[in-house]
Amino acid sequence: MLAKVTTPSPPVPSTPTAAADRAHVFHSWSAQAQISPAEITRARGSHFWTADGTRYLDFSSQLVNVNIGYQHPRLVAAIQEQAEKLLTVSPAFANESRSEAARLIAELAPGDLDAVFFTNGGAEATENAMRMARLHTGRHKVLTTYRSYHGATAGAIAATGDPRRWGSEPSIPGIVHFWGPYLYRSAFHASTEAEECERALQHLRDTIMVEGPATIAAIMLETVVGTNGVLVPPDGYLEGVRRICDEHGIVFIADEVMAGFGRCGEWFAVDRWDVTPDLICFAKGVNSGYVPLGGVVISAAIAATFADRPYPGGLTYSGHPLACASAVASIGIFRDEGILEHVRGVEETVLRPGLEAIAERHPCVGEVRGVGFMYAVELVRSRETREPMVPFNASGAAAAPMNEFAAACRKGGLWPFVHFNRTHVVPPCTTTADEMRQGLEILDSALTVADAHVTD
């Protein structure tokens, strides 16, 4: 006879804010009766405080978006100044903060990507990028990878490859998923980065062949896959995708919502491989989420499609003055404070060697991978078999080992980013070398909890 499994009730809310949250706030991606959200009362730099007074070093950057850190005084001042000047204006008008934000973003983008369509966030950016590609090419299919997340609106969630799309299916037509490179769990039985690159590109070519090149409007990739594993493409892969797109007249969309604006030590992650896509989607780090903002950076050829033909898309708050003013200030802060250089330096001297040392000490660590301030530690029950610490898309009791690990991190004063069998190391890009060392020490200690689940 099976034992009855009971789920403990969430604790009774301890503050009026928590009580109102539980009574009235409907939370995303959650079973409402099973959650008890922590109440954040203040934040500064790389730390935030909860209502009980606990301070956490944030290794999640909230949702990998607080790139410039919490409450940067210069960014706060820019928002206040814009609020006093002009709070809102329709997208139909020109506006100083919007124009300057677009100019700066176009200046940072590679190649001839010189126009910017502003959205309120990343999902709307990918939605509009797909629309632009379809209208530009007159084709309807969009290819994306299984290990991907592109947002939760109708088109973006259809393009998403991970399980978050399941609840929205059947969805919009024309989305085709394929396998991207991931050497540690290669779908192509590769043993080297070069083999993985070559075989992944051949798989993409084969997918295009059987779907029909003349039907494919776009290939959309997260330049560095984010929530689904921090999968850094092998050298040559993005260049290969660019060549394939050029051969068949397919639009190459780089989803840089998570990877852009300092996260990978570059303005845009594609810069690491000297690749120029046709469209770049951005959000998150462009202004660290201080005010909702996203957008699409558009190549000259695609922009020309709509020179005398109206673009059939728009948003009431496209290029909102407060959001754009914060983006202008953020780009200035990145430049003046040398944040890209800071990310590269701390990665090279502290983050990468620190994680490599942790991997040597803990048998639960199967692989460490990443770039910039965007790393993943993949946890396994066996290094030999590479069995994940928890099953794919685990929940409930099956997810217990990762939940125990995350609880150990929080007990030590570190707020982790945990997904499936991985913990991601994605702190604000302003995190100091000493703060990084402190966070790695807590992570090191917490991994002893995961070690207890190793089977060999």
# chains A, B, ... in the order shown; residues from 1 in each chain; ligands from 1

$ residues_around --residues "Phe420 of chain A" --least-positions-apart "5" --cutoff "10 Å" --atoms "only C-alpha atoms" --output "PyMOL selection string"
chain A and resi 227-229+378-379+388-395+399+402

$ write_last_selection --atoms "C-alpha atoms" --output "mmCIF file, in the first residue's frame"
data_model
loop_
_atom_site.group_PDB
_atom_site.id
_atom_site.type_symbol
_atom_site.label_atom_id
_atom_site.label_comp_id
_atom_site.auth_asym_id
_atom_site.auth_seq_id
_atom_site.Cartn_x
_atom_site.Cartn_y
_atom_site.Cartn_z
ATOM 1 C CA THR A 227 17.255 29.464 -17.929
ATOM 2 C CA ASN A 228 17.575 26.169 -19.792
ATOM 3 C CA GLY A 229 21.181 25.614 -18.866
ATOM 4 C CA GLU A 378 24.993 21.201 -13.205
ATOM 5 C CA LEU A 379 24.319 18.799 -10.341
ATOM 6 C CA PRO A 388 20.689 14.529 -13.124
ATOM 7 C CA MET A 389 20.312 15.316 -9.435
ATOM 8 C CA VAL A 390 16.549 15.524 -10.049
ATOM 9 C CA PRO A 391 14.506 14.353 -13.040
ATOM 10 C CA PHE A 392 13.670 16.670 -15.921
ATOM 11 C CA ASN A 393 10.934 19.128 -14.934
ATOM 12 C CA ALA A 394 10.718 17.621 -11.452
ATOM 13 C CA SER A 395 8.201 18.849 -8.894
ATOM 14 C CA ALA A 399 12.555 17.943 -6.620
ATOM 15 C CA MET A 402 17.462 20.737 -5.265
#

$ select_by_dssp --residues "segment 10-230 of chain A" --states "strand (DSSP E or B)" --output "short mmCIF file (atom, residue, chain, number, x, y, z; two decimals) with C-alpha atoms, in the first residue's frame"
data_model
loop_
_atom_site.label_atom_id
_atom_site.label_comp_id
_atom_site.auth_asym_id
_atom_site.auth_seq_id
_atom_site.Cartn_x
_atom_site.Cartn_y
_atom_site.Cartn_z
CA ILE A 40 11.50 42.14 0.04
CA THR A 41 11.54 45.45 1.87
CA ARG A 42 14.70 47.11 0.53
CA ALA A 43 17.75 46.48 -1.62
CA ARG A 44 21.12 48.03 -2.39
CA GLY A 45 23.90 46.98 -4.74
CA HIS A 47 21.95 42.61 -1.67
CA PHE A 48 18.31 42.69 -0.65
CA TRP A 49 16.56 42.44 2.72
CA THR A 50 13.37 40.55 3.60
CA ARG A 55 20.06 40.17 4.23
CA TYR A 56 20.74 38.09 1.12
CA LEU A 57 23.54 38.28 -1.40
CA ASP A 58 21.64 37.94 -4.66
CA TYR A 70 19.84 47.58 -6.88
CA ALA A 115 16.67 51.11 -35.84
CA VAL A 116 14.94 50.22 -32.56
CA PHE A 117 11.34 49.16 -31.95
CA PHE A 118 10.61 49.53 -28.23
CA THR A 119 8.46 47.11 -26.23
CA LYS A 141 7.78 29.15 -40.07
CA VAL A 142 10.10 30.04 -37.22
CA LEU A 143 12.72 27.58 -35.94
CA THR A 144 13.79 27.64 -32.29
CA THR A 145 15.54 25.15 -30.03
CA ILE A 175 6.88 27.00 -34.85
CA VAL A 176 9.41 24.18 -35.35
CA HIS A 177 11.82 23.09 -32.62
CA PHE A 178 15.24 21.52 -33.09
CA ILE A 216 11.10 29.35 -43.07
CA ALA A 217 11.03 33.00 -42.08
CA ALA A 218 13.47 32.94 -39.17
CA ILE A 219 15.77 31.01 -36.90
CA MET A 220 15.58 32.46 -33.39
CA LEU A 221 18.28 31.57 -30.86
CA GLU A 222 19.20 32.70 -27.39
CA VAL A 225 20.84 29.82 -23.64
#

$ residues_around --residues "Gly319 of chain A" --least-positions-apart "4" --cutoff "12 Å" --atoms "only C-alpha atoms" --output "number ranges by chain"
A: 87-102, 116-121, 291-296, 314-315, 323-328

$ residues_around --residues "Ile442 of chain A" --least-positions-apart "4" --cutoff "7 Å" --atoms "only C-alpha atoms" --output "number ranges by chain"
A: 409, 412, 414, 438, 446

$ closest_residue --among "A:Leu440, A:Met132, A:Ala18, A:Ala106" --to "Pro312 of chain A" --atoms "only C-alpha atoms"
A:Met132

$ residues_around --residues "segment 195-205 of chain A" --least-positions-apart "6" --cutoff "12 Å" --atoms "only C-alpha atoms" --output "count of residues only"
37
